[in-house]
$ cat upload.cif   # mmCIF, C-alpha atoms
data_work
#
loop_
_atom_site.label_atom_id
_atom_site.label_comp_id
_atom_site.auth_asym_id
_atom_site.auth_seq_id
_atom_site.Cartn_x
_atom_site.Cartn_y
_atom_site.Cartn_z
CA MET A 299 -8.11 -18.39 -6.11
CA ARG A 300 -4.44 -17.49 -6.42
CA VAL A 301 -3.43 -14.92 -9.08
CA GLU A 302 0.07 -14.63 -10.52
CA LEU A 303 1.32 -11.93 -12.88
CA ASN A 304 4.64 -12.71 -14.56
CA ASP A 305 6.38 -9.89 -16.48
CA LEU A 306 3.00 -8.55 -17.57
CA THR A 307 3.34 -5.82 -20.21
CA LYS A 308 0.86 -3.78 -22.26
CA ARG A 309 1.89 -1.46 -25.08
CA TRP A 310 0.06 0.58 -27.68
CA GLY A 311 2.70 1.45 -30.28
CA ASN A 312 5.27 3.58 -28.47
CA VAL A 313 3.05 4.00 -25.38
CA THR A 314 3.58 1.59 -22.48
CA GLY A 315 0.68 1.19 -20.07
CA ALA A 316 2.20 -1.54 -17.92
CA ASP A 317 5.86 -2.54 -17.93
CA ASN A 318 6.95 -6.00 -16.71
CA ILE A 319 4.57 -6.22 -13.74
CA SER A 320 5.27 -9.32 -11.64
CA LEU A 321 3.44 -10.12 -8.40
CA ASP A 322 1.48 -12.88 -6.72
CA ILE A 323 -1.85 -12.61 -4.94
CA GLN A 324 -2.65 -15.37 -2.48
CA SER A 325 -6.06 -17.01 -2.30
CA GLY A 326 -8.42 -14.88 -0.20
CA GLU A 327 -6.05 -11.90 -0.15
CA PHE A 328 -7.15 -8.28 -0.64
CA VAL A 329 -4.59 -6.42 -2.77
CA ALA A 330 -4.71 -2.75 -3.79
CA PHE A 331 -3.14 -1.29 -6.93
CA LEU A 332 -2.16 2.24 -5.86
CA GLY A 333 -0.75 5.14 -7.84
CA PRO A 334 -1.53 8.43 -9.58
CA SER A 335 -3.53 8.70 -12.80
CA GLY A 336 -1.72 7.12 -15.73
CA CYS A 337 0.48 4.84 -13.60
CA GLY A 338 -0.82 1.60 -15.13
CA LYS A 339 -3.02 0.29 -12.32
CA THR A 340 -6.28 0.12 -14.32
CA THR A 341 -4.45 -1.22 -17.38
CA THR A 342 -3.12 -4.08 -15.25
CA LEU A 343 -6.57 -4.73 -13.75
CA LEU A 344 -8.18 -4.87 -17.21
CA MET A 345 -5.60 -7.42 -18.34
CA VAL A 346 -6.47 -9.56 -15.32
CA ALA A 347 -10.14 -9.19 -16.28
CA GLY A 348 -9.46 -10.20 -19.88
CA ILE A 349 -10.68 -6.90 -21.33
CA TYR A 350 -7.12 -6.06 -22.49
CA LYS A 351 -4.84 -8.69 -23.98
CA PRO A 352 -1.23 -8.50 -22.73
CA THR A 353 1.50 -7.55 -25.18
CA ALA A 354 3.81 -9.84 -23.23
CA GLY A 355 3.87 -11.80 -20.00
CA GLU A 356 1.58 -14.26 -18.33
CA ILE A 357 -1.53 -14.26 -16.14
CA ARG A 358 -2.21 -17.35 -14.03
CA PHE A 359 -5.33 -18.22 -12.06
CA ASP A 360 -4.12 -20.96 -9.73
CA ASP A 361 -2.07 -23.12 -12.12
CA ARG A 362 -3.97 -22.14 -15.27
CA VAL A 363 -2.66 -19.61 -17.80
CA VAL A 364 -5.65 -17.43 -18.75
CA ASN A 365 -4.14 -15.00 -21.29
CA GLN A 366 -6.44 -16.27 -24.04
CA VAL A 367 -9.49 -17.02 -21.85
CA PRO A 368 -12.46 -14.67 -22.56
CA PRO A 369 -13.68 -12.51 -19.63
CA LYS A 370 -16.94 -14.44 -19.34
CA ASP A 371 -15.05 -17.67 -18.71
CA ARG A 372 -12.72 -16.32 -15.98
CA ASN A 373 -15.30 -16.47 -13.16
CA ILE A 374 -14.65 -12.89 -12.06
CA GLY A 375 -16.90 -10.19 -10.67
CA MET A 376 -16.11 -6.56 -11.48
CA VAL A 377 -17.28 -3.32 -9.86
CA PHE A 378 -16.73 -0.11 -11.85
CA GLN A 379 -16.38 3.52 -10.82
CA SER A 380 -19.50 4.42 -12.84
CA TYR A 381 -21.54 1.49 -11.35
CA ALA A 382 -22.64 0.63 -14.96
CA LEU A 383 -26.23 -0.13 -13.93
CA TYR A 384 -28.97 -0.54 -16.52
CA PRO A 385 -31.33 2.42 -15.93
CA HIS A 386 -34.40 0.69 -17.41
CA MET A 387 -34.04 -2.35 -15.16
CA SER A 388 -35.06 -2.75 -11.55
CA VAL A 389 -32.57 -3.52 -8.80
CA ARG A 390 -33.68 -7.15 -8.95
CA GLN A 391 -33.05 -7.32 -12.70
CA ASN A 392 -29.68 -5.55 -12.43
CA ILE A 393 -28.38 -7.90 -9.76
CA GLY A 394 -29.75 -10.97 -11.52
CA TYR A 395 -28.53 -10.06 -15.00
CA PRO A 396 -25.33 -12.21 -14.86
CA LEU A 397 -27.50 -15.21 -13.89
CA LYS A 398 -29.87 -14.47 -16.74
CA LEU A 399 -26.94 -14.56 -19.18
CA LYS A 400 -25.99 -17.97 -17.77
CA LYS A 401 -29.64 -19.07 -18.20
CA SER A 402 -29.99 -20.04 -14.56
CA PRO A 403 -33.41 -21.42 -13.48
CA ALA A 404 -35.83 -18.68 -12.43
CA ALA A 405 -36.33 -20.01 -8.91
CA GLU A 406 -32.59 -20.27 -8.27
CA MET A 407 -32.04 -16.80 -9.71
CA GLU A 408 -34.70 -15.26 -7.44
CA GLN A 409 -33.26 -17.00 -4.39
CA ARG A 410 -29.67 -15.90 -5.07
CA VAL A 411 -30.67 -12.31 -5.90
CA GLN A 412 -32.67 -12.02 -2.66
CA ARG A 413 -29.81 -13.52 -0.61
CA VAL A 414 -27.21 -11.14 -2.07
CA ALA A 415 -29.52 -8.12 -1.79
CA ASP A 416 -30.18 -8.89 1.88
CA MET A 417 -26.44 -9.28 2.44
CA MET A 418 -25.92 -5.81 0.91
CA GLY A 419 -28.76 -4.25 2.94
CA ILE A 420 -30.90 -3.46 -0.11
CA GLY A 421 -33.35 -6.37 0.01
CA HIS A 422 -36.23 -3.92 0.41
CA LEU A 423 -35.25 -1.96 -2.72
CA LEU A 424 -35.46 -4.73 -5.31
CA ASP A 425 -38.36 -3.18 -7.22
CA ARG A 426 -36.79 0.27 -7.56
CA ARG A 427 -34.78 1.51 -10.51
CA PRO A 428 -31.27 3.03 -10.27
CA ALA A 429 -32.56 6.60 -10.61
CA GLN A 430 -34.58 6.10 -7.42
CA LEU A 431 -31.51 5.15 -5.39
CA SER A 432 -28.82 7.12 -3.59
CA GLY A 433 -25.18 6.85 -4.64
CA GLY A 434 -24.41 4.42 -1.83
CA GLN A 435 -27.40 2.24 -2.72
CA GLN A 436 -26.34 2.17 -6.37
CA GLN A 437 -22.86 1.09 -5.30
CA ARG A 438 -24.38 -1.75 -3.30
CA VAL A 439 -26.39 -2.85 -6.34
CA ALA A 440 -23.20 -2.90 -8.44
CA LEU A 441 -21.40 -4.92 -5.77
CA GLY A 442 -24.36 -7.29 -5.45
CA ARG A 443 -24.37 -7.87 -9.21
CA ALA A 444 -20.68 -8.81 -9.03
CA LEU A 445 -21.25 -11.16 -6.06
CA VAL A 446 -24.34 -12.96 -7.32
CA LYS A 447 -22.20 -14.98 -9.75
CA GLU A 448 -20.26 -16.34 -6.76
CA PRO A 449 -16.97 -15.37 -8.43
CA SER A 450 -13.52 -16.67 -7.55
CA LEU A 451 -12.02 -13.20 -8.04
CA LEU A 452 -13.42 -9.72 -7.35
CA LEU A 453 -12.04 -6.72 -9.26
CA PHE A 454 -12.73 -3.12 -8.15
CA ASP A 455 -11.91 -0.16 -10.40
CA GLU A 456 -12.02 2.96 -8.12
CA PRO A 457 -15.54 2.04 -6.96
CA LEU A 458 -15.89 4.76 -4.31
CA SER A 459 -14.69 7.80 -6.28
CA ASN A 460 -18.21 9.12 -6.90
CA LEU A 461 -19.30 9.00 -3.26
CA ASP A 462 -19.04 11.73 -0.63
CA ALA A 463 -16.38 11.45 2.08
CA ARG A 464 -18.64 10.06 4.83
CA LEU A 465 -20.21 7.44 2.57
CA ARG A 466 -16.77 6.41 1.29
CA LEU A 467 -15.75 5.68 4.89
CA THR A 468 -18.83 3.51 5.42
CA MET A 469 -18.45 1.65 2.13
CA ARG A 470 -14.73 1.00 2.78
CA SER A 471 -15.64 -0.80 5.97
CA GLU A 472 -18.50 -2.72 4.37
CA ILE A 473 -16.46 -3.90 1.38
CA LYS A 474 -13.56 -5.04 3.55
CA ARG A 475 -15.82 -6.85 6.01
CA LEU A 476 -17.73 -8.52 3.17
CA GLN A 477 -14.50 -9.63 1.49
CA LEU A 478 -13.22 -11.12 4.75
CA ASP A 479 -16.49 -12.93 5.42
CA LEU A 480 -16.67 -14.41 1.90
CA GLY A 481 -12.93 -15.05 1.55
CA ILE A 482 -12.90 -13.96 -2.12
CA THR A 483 -9.55 -12.96 -3.62
CA SER A 484 -9.85 -9.25 -4.47
CA ILE A 485 -7.93 -6.61 -6.43
CA TYR A 486 -8.81 -2.99 -5.71
CA VAL A 487 -7.61 -0.13 -7.95
CA THR A 488 -7.39 3.30 -6.31
CA HIS A 489 -5.45 6.57 -6.37
CA ASP A 490 -6.51 7.21 -2.76
CA GLN A 491 -3.75 6.01 -0.46
CA VAL A 492 -6.10 6.11 2.56
CA GLU A 493 -8.35 3.53 0.88
CA ALA A 494 -5.36 1.34 0.05
CA MET A 495 -3.81 1.62 3.53
CA THR A 496 -7.04 0.86 5.41
CA MET A 497 -8.40 -1.94 3.20
CA ALA A 498 -5.54 -3.92 1.66
CA ASP A 499 -3.49 -6.81 3.00
CA ARG A 500 -0.77 -5.79 0.53
CA ILE A 501 -0.35 -2.80 -1.77
CA ALA A 502 1.22 -2.69 -5.23
CA VAL A 503 2.50 0.87 -5.72
CA MET A 504 2.82 1.84 -9.39
CA GLN A 505 4.37 4.78 -11.21
CA GLU A 506 4.67 5.31 -14.97
CA GLY A 507 3.72 1.71 -15.70
CA LYS A 508 6.29 0.19 -13.34
CA LEU A 509 5.83 -1.61 -10.05
CA GLN A 510 7.59 0.46 -7.38
CA ALA A 511 6.84 -1.76 -4.38
CA TYR A 512 4.61 -4.61 -3.28
CA ALA A 513 4.29 -4.86 0.48
CA PRO A 514 1.93 -4.61 3.48
CA PRO A 515 0.70 -1.08 4.31
CA ASN A 516 2.81 -0.67 7.46
CA GLU A 517 6.00 -1.59 5.59
CA LEU A 518 5.33 0.97 2.88
CA TYR A 519 4.64 3.60 5.53
CA GLU A 520 7.53 2.89 7.89
CA ARG A 521 10.19 1.69 5.42
CA PRO A 522 9.61 3.38 2.06
CA ARG A 523 12.09 2.18 -0.56
CA THR A 524 11.92 5.23 -2.86
CA THR A 525 11.20 8.94 -2.51
CA PHE A 526 8.10 8.43 -4.66
CA ILE A 527 6.65 5.94 -2.16
CA ALA A 528 7.69 8.14 0.76
CA GLY A 529 5.89 11.15 -0.69
CA PHE A 530 2.83 9.30 -2.02
CA VAL A 531 1.97 7.01 0.90
CA GLY A 532 0.82 8.89 3.98
CA ASN A 533 -1.44 11.84 4.66
CA PRO A 534 -0.15 14.47 5.19
CA PRO A 535 2.80 13.39 3.03
CA MET A 536 6.36 12.92 4.21
CA ASN A 537 8.67 15.96 4.21
CA LEU A 538 11.55 15.44 1.72
CA PHE A 539 14.59 17.72 1.48
CA ASP A 540 18.31 17.55 0.70
CA VAL A 541 21.01 17.98 3.36
CA GLN A 542 24.77 17.78 3.69
CA LEU A 543 25.81 14.76 5.75
CA MET A 544 28.81 15.35 8.02
CA ARG A 545 30.61 13.14 10.50
CA GLU A 546 32.10 14.62 13.67
CA GLY A 547 33.71 11.84 15.68
CA ASP A 548 30.96 9.34 16.41
CA ARG A 549 28.22 11.84 15.53
CA TYR A 550 26.43 12.17 12.18
CA LEU A 551 24.99 15.62 11.47
CA ALA A 552 22.55 16.61 8.76
CA LYS A 553 22.90 20.26 7.81
CA ARG A 554 21.47 22.82 5.46
CA GLN A 555 21.03 26.56 5.75
CA GLY A 556 19.02 27.32 8.91
CA LEU A 557 18.58 23.66 9.84
CA GLU A 558 20.76 21.13 11.67
CA PHE A 559 19.99 17.86 13.46
CA GLU A 560 21.76 14.70 14.55
CA LEU A 561 21.17 11.25 13.07
CA PRO A 562 21.37 8.03 15.08
CA PRO A 563 24.73 6.32 14.38
CA GLU A 564 23.10 3.19 12.93
CA ARG A 565 21.31 5.32 10.33
CA GLY A 566 24.04 7.83 9.67
CA SER A 567 26.61 5.07 9.10
CA ARG A 568 24.53 3.57 6.29
CA ALA A 569 24.71 6.85 4.38
CA ALA A 570 28.27 7.76 5.40
CA ALA A 571 29.60 7.36 1.85
CA LYS A 572 27.31 10.14 0.62
CA ALA A 573 28.16 13.81 1.06
CA GLU A 574 24.58 14.79 0.21
CA VAL A 575 21.44 12.82 1.02
CA THR A 576 17.69 13.30 0.79
CA VAL A 577 16.03 13.24 4.19
CA GLY A 578 12.45 12.09 4.71
CA ILE A 579 10.54 12.78 7.93
CA ARG A 580 6.81 12.51 8.53
CA PRO A 581 4.93 15.47 10.07
CA GLU A 582 3.98 13.42 13.14
CA ASP A 583 7.64 12.58 13.82
CA ILE A 584 8.60 16.23 14.36
CA THR A 585 8.11 17.95 17.72
CA LEU A 586 7.33 21.65 17.64
CA LEU A 587 8.70 23.71 20.55
CA PRO A 588 8.20 27.39 21.38
CA ASP A 589 11.35 29.42 20.71
CA ALA A 590 12.42 30.13 24.28
CA ALA A 591 15.02 32.88 24.65
CA GLY A 592 18.55 31.47 24.70
CA SER A 593 17.42 27.94 23.86
CA ASN A 594 19.73 25.77 21.76
CA GLU A 595 17.21 22.95 21.55
CA GLY A 596 16.20 21.98 17.99
CA SER A 597 16.41 24.12 14.85
CA GLN A 598 14.81 27.54 14.70
CA GLY A 599 12.18 28.32 12.10
CA GLU A 600 9.16 30.55 11.63
CA VAL A 601 5.47 29.67 11.42
CA PHE A 602 4.32 30.30 7.86
CA VAL A 603 0.70 29.12 8.16
CA VAL A 604 -1.46 27.03 10.52
CA GLU A 605 -4.17 24.70 9.17
CA PRO A 606 -6.61 23.37 11.82
CA LEU A 607 -7.48 19.70 11.16
CA GLY A 608 -9.55 19.09 14.29
CA ARG A 609 -7.49 16.62 16.31
CA ASP A 610 -4.24 18.21 15.10
CA ASN A 611 -3.00 21.41 13.53
CA LEU A 612 -0.91 21.13 10.38
CA VAL A 613 1.78 23.77 10.80
CA ASP A 614 3.90 24.95 7.87
CA VAL A 615 7.29 26.00 9.30
CA ARG A 616 9.74 27.92 7.11
CA PHE A 617 13.54 27.66 7.23
CA ASP A 618 14.78 30.15 4.62
CA ASP A 619 13.67 28.49 1.34
CA LEU A 620 12.57 25.21 2.99
CA HIS A 621 9.02 24.50 4.16
CA LEU A 622 8.42 21.67 6.64
CA PHE A 623 4.98 20.42 7.68
CA VAL A 624 4.46 19.46 11.33
CA LEU A 625 1.46 17.97 13.13
CA ALA A 626 1.03 19.91 16.36
CA ASP A 627 -1.31 19.86 19.32
CA PRO A 628 -4.13 22.36 18.64
CA ARG A 629 -3.77 23.59 22.23
CA GLN A 630 -0.46 25.14 21.22
CA THR A 631 -1.22 28.76 20.45
CA LEU A 632 0.61 29.59 17.26
CA LYS A 633 0.35 32.59 14.98
CA ILE A 634 1.84 33.33 11.58
CA GLY A 635 5.35 34.69 12.05
CA ASP A 636 5.95 33.09 15.46
CA PRO A 637 9.51 31.75 15.96
CA VAL A 638 9.54 28.03 16.79
CA ARG A 639 12.07 25.23 17.16
CA LEU A 640 11.77 21.74 15.71
CA GLN A 641 13.09 18.44 17.04
CA PHE A 642 13.26 15.41 14.75
CA ASP A 643 12.73 11.85 15.96
CA GLY A 644 16.02 10.46 14.68
CA ASP A 645 14.78 6.86 14.72
CA LYS A 646 12.05 7.79 12.21
CA VAL A 647 14.26 9.74 9.77
CA GLN A 648 14.50 8.18 6.31
CA LEU A 649 17.56 8.62 4.07
CA PHE A 650 17.58 8.41 0.28
CA ASP A 651 20.16 8.67 -2.48
CA PRO A 652 19.35 11.97 -4.26
CA GLU A 653 20.53 10.55 -7.60
CA THR A 654 18.74 7.20 -7.69
CA GLU A 655 15.92 8.19 -5.28
CA TYR A 656 16.26 4.78 -3.59
CA SER A 657 16.47 4.32 0.17
CA LEU A 658 19.88 4.11 1.79
CA LEU A 659 18.35 2.27 4.76
CA TRP A 660 16.13 -0.40 3.15
CA THR A 661 17.28 -2.50 0.22
#
$ encode --input "upload.cif" --output "structure tokens"
Amino acid sequence: MRVELNDLTKRWGNVTGADNISLDIQSGEFVAFLGPSGCGKTTTLLMVAGIYKPTAGEIRFDDRVVNQVPPKDRNIGMVFQSYALYPHMSVRQNIGYPLKLKKSPAAEMEQRVQRVADMMGIGHLLDRRPAQLSGGQQQRVALGRALVKEPSLLLFDEPLSNLDARLRLTMRSEIKRLQLDLGITSIYVTHDQVEAMTMADRIAVMQEGKLQAYAPPNELYERPRTTFIAGFVGNPPMNLFDVQLMREGDRYLAKRQGLEFELPPERGSRAAAKAEVTVGIRPEDITLLPDAAGSNEGSQGEVFVVEPLGRDNLVDVRFDDLHLFVLADPRQTLKIGDPVRLQFDGDKVQLFDPETEYSLLWT
């Protein structure tokens, strides 16, 4: 099922939860709504579900406007953060409850519940109650209850927030594989950019009720259109700092106290009209060099702190009042206070207008 949102808006008095959200979700696509708390992602999801009525705008399922259609008639399945399982019911009864409401024949209901439970790997737990299950098993029951209706649209509202880190990794893979196998159009609300990046075909990034971007994960990561997206998408986040942009012949130099580096001409020329720009550079796009005596290579800084991450070390390097984060090889022996030099990968440097916060490279 295709989903279209056209200028979708939700207000409560003077408070705006979602502001003119427009996007299209293709049939069978997995789309994530990503943003911090209060950005409007759940509000938008609940309008799609029919739980909230839009103040303005239009929701279309295929070619049908569903603004006034009750939730029960939208053929959706929804998985909540809290699981919302009935504690007095068994797993079998919880999964089969939507079929009971539709007054499905008992034999058909039993067959569909068993099939979905087996698909979720909980077919042997049908006689247990929620209190007798682990968090991951409860999440599978909630997902099975949403799937047993054979919905045209699956809605997820931060479904993995209550699970530990290892189980979240497992459930991410299972949900994505299940969605691909079934081909069900899905919308997934999360504040966790790792979940969005690893699971979604496209991501709608939201801030303060507005849609900031709607694009595939790699485009958001490699070509962020605003400083908000640059700082929010990616872990560890992108370094952002202001510099003076100067042209010396055919060279474009970015300078600030204690730091200087050259920009590729094709990037520098796009920002040439600006005397000051905001630079964005990801920690993995900076090379950390020991400060050899007499070296003029890179910009000199000082190690402020080293955080071991296993495969990499996250090194906080200080340049006067500026802190830059760098991913470094853990085999590099670094101590707090060590002098180091940094080299930037000029082809990965992002440039933003400090006033509008929009990219100077990507329009």
$ residues_around --input "upload.cif" --residues "Pro449 in chain A" --least-positions-apart "2" --cutoff "8 Å" --atoms "only C-alpha atoms" --output "ChimeraX atom specification"
/A:373-375,444-447,451-452,482
$ resolve_selection --input "upload.cif" --expression "the PyMOL selection byres ((chain A and resi 304) around 6)" --output "PDB file with C-alpha atoms, keeping the file's coordinate frame"
ATOM      1  CA  LEU A 303       1.320 -11.930 -12.880  1.00  0.00           C
ATOM      2  CA  ASP A 305       6.380  -9.890 -16.480  1.00  0.00           C
ATOM      3  CA  LEU A 306       3.000  -8.550 -17.570  1.00  0.00           C
ATOM      4  CA  SER A 320       5.270  -9.320 -11.640  1.00  0.00           C
ATOM      5  CA  GLY A 355       3.870 -11.800 -20.000  1.00  0.00           C
ATOM      6  CA  GLU A 356       1.580 -14.260 -18.330  1.00  0.00           C
TER       7      GLU A 356
END
$ closest_residue --input "upload.cif" --among "A:Leu557, A:Ala440, A:Val601, A:Val541" --to "Phe650 in chain A" --atoms "all atoms listed in the file"
A:Val541
$ resolve_selection --input "upload.cif" --expression "the PyMOL selection byres ((chain A and resi 466) around 12)" --output "PyMOL selection string"
chain A and resi 433-434+437+456-465+467-473+490+492-493+496-497
$ resolve_selection --input "upload.cif" --expression "the PyMOL selection byres ((chain A and resi 615) around 10)" --output "PyMOL selection string"
chain A and resi 586+598-604+612-614+616-618+620-624+634-640
$ residues_around --input "upload.cif" --residues "Gly338 in chain A" --least-positions-apart "2" --cutoff "6 Å" --atoms "only C-alpha atoms" --output "list in words"
Gly315, Ala316, Gly336, Thr340, Thr341 and Gly507 of chain A
$ axis_aligned_box --input "upload.cif" --around "range 366-372 of chain A" --padding-each-side "3 Å" --output "AutoDock Vina command-line options"
--center_x -11.7 --center_y -15.1 --center_z -20.0 --size_x 16.5 --size_y 11.2 --size_z 14.1
$ residues_around --input "upload.cif" --residues "Pro334 in chain A" --least-positions-apart "6" --cutoff "10 Å" --atoms "only C-alpha atoms" --output "ChimeraX atom specification"
/A:488-491,503-506,530
$ closest_residue --input "upload.cif" --among "A:Gly578, A:Gly547, A:Pro588, A:Gly566" --to "Pro535 in chain A" --atoms "only C-alpha atoms"
A:Gly578
$ closest_residue --input "upload.cif" --among "A:Arg438, A:Arg300, A:Lys474, A:Arg554" --to "Leu383 in chain A" --atoms "only C-alpha atoms"
A:Arg438
$ closest_residue --input "upload.cif" --among "A:Leu321, A:Leu423, A:Leu397, A:Val389" --to "Ala502 in chain A" --atoms "all atoms listed in the file"
A:Leu321
$ residues_around --input "upload.cif" --residues "range 544-546 of chain A" --least-positions-apart "6" --cutoff "8 Å" --atoms "only C-alpha atoms" --output "PyMOL selection string"
chain A and resi 552-553+570+573
$ write_last_selection --input "upload.cif" --atoms "C-alpha atoms" --output "PDB file, keeping the file's coordinate frame"
ATOM      1  CA  ALA A 552      22.550  16.610   8.760  1.00  0.00           C
ATOM      2  CA  LYS A 553      22.900  20.260   7.810  1.00  0.00           C
ATOM      3  CA  ALA A 570      28.270   7.760   5.400  1.00  0.00           C
ATOM      4  CA  ALA A 573      28.160  13.810   1.060  1.00  0.00           C
TER       5      ALA A 573
END
$ atom_distance --input "upload.cif" --atom1 "CA of Arg568 in chain A" --atom2 "CA of Leu509 in chain A"
25.4 Å
